[in-house]
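*Asks:* I have a structure I would like to understand better, so I am pasting it below and will then ask my questions one at a time.
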Amino acid sequence: MPLDEKELIRQALKARTYAYTPYSNFQVGAALLAADGRVFTGCNIESASYTPSNCAERTAFFKAVSEGVRDFKAIAIVGGPEGAEKLDICAPCGVCRQVMMEFCDPETFRILLAVSPEEYQEYTLKQLLPMGFGPENLGKGKMKYD
């Protein structure tokens, strides 16, 4: 049985509980669905010097890529202040969108921005990163904005 949106969001919510955010206290969790059905989770991880910090989305992508996976269908993202009773929609930052552009088809990759398994908004990567710069721009594939 294929994984549904609600389960992907539940896994992102669980990943959020592992966030290491002593500076911002803003916890984010992500669950990345690979084309083969595997799910890679990630949380944001902060550092006192800020720049080496890593977002939840990139943590999930880097875990997957480091295990040889490079074909993805969707990602669920949840975020909000530590201890928040109700989460708000949390969109990926520009750097995370750029990483998605590296590995995902902007026309078909689904991004679920969730408050809960019952409440979420769905976008394609192209909607969140119109005219994105990716491998195709360097002659590494067919242009997806034709």
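Chain labels A, B, ... are given in the sequence in which chains occur in the structure tokens; within each chain residues are numbered consecutively from 1, and ligands are likewise numbered from 1 in the order shown.
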Which stretch 15-110 of chain A residues have any atom within 8 Å of an atom of stretch 114-123 of chain A, and for each, what is the nearest pair of atoms with distance in Å to one decimal, counting only C-alpha atoms, rows sorted by chain and number, as CSV?

*Replies:*
residue,atom,partner,partner_atom,distance
A:Ala76,CA,A:Ala114,CA,6.9
A:Ile77,CA,A:Ala114,CA,6.1
A:Val78,CA,A:Ala114,CA,5.3
A:Gly79,CA,A:Val115,CA,7.9
A:Lys86,CA,A:Val115,CA,7.4
A:Leu87,CA,A:Val115,CA,5.2
A:Asp88,CA,A:Val115,CA,5.6
A:Ile89,CA,A:Ala114,CA,5.8
A:Cys90,CA,A:Ala114,CA,7.4
A:Arg110,CA,A:Tyr123,CA,5.8

*Asks:* Using the chain letters and numbers from this document, which residues of stretch 74-131 of chain A does DSSP assign to strand (DSSP E), as a ChimeraX atom specification?

*Replies:* /A:74-81,110-114,120-124

*Asks:* Just how far from atom CA of A:Val95 is atom CA of A:Ser49, in Å to one decimal?

*Replies:*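 So the answer is 18.0 Å.
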
*Asks:* Looking at A:Leu33, A:Phe40, A:Val28, A:Gln98, which one is nearest to A:Ser66, with distances taken over only C-alpha atoms?

*Replies:*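 Under the stated criterion, the closest residue is A:Phe40.
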
*Asks:* Tell me, counting only C-alpha atoms, for each residue of stretch 41-146 of chain A within 7 Å of stretch 21-26 of chain A, which pair of atoms is nearest and how far apart they are in Å to one decimal, in rows ordered by chain and increasing number, as CSV.

*Replies:*
residue,atom,partner,partner_atom,distance
A:Ile45,CA,A:Thr21,CA,6.2
A:Glu46,CA,A:Thr21,CA,5.4
A:Gly80,CA,A:Phe26,CA,5.4
A:Pro81,CA,A:Phe26,CA,4.3
A:Glu82,CA,A:Asn25,CA,5.3

*Asks:* Excluding same-chain residues fewer than 6 positions from A:Arg16, what lies within 6 Å of it counting only C-alpha atoms, as number ranges by chain?

*Replies:* A: 27-29, 43

*Asks:* Counting only C-alpha atoms, what are the residues of stretch 101-120 of chain A within 8 Å of stretch 126-134 of chain A, and for each of them which pair of atoms is the nearest and at what distance in Å, to one decimal? Sort the table by chain and rising number, as CSV.

*Replies:*
residue,atom,partner,partner_atom,distance
A:Met101,CA,A:Gly134,CA,5.7
A:Glu102,CA,A:Gly134,CA,5.6
A:Pro106,CA,A:Lys126,CA,4.6
A:Glu107,CA,A:Lys126,CA,5.7

*Asks:* If I take atom CA of A:Leu113 and atom CA of A:Arg58, how far is one from the other in Å, to one decimal?

*Replies:*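 It comes out at 15.3 Å.
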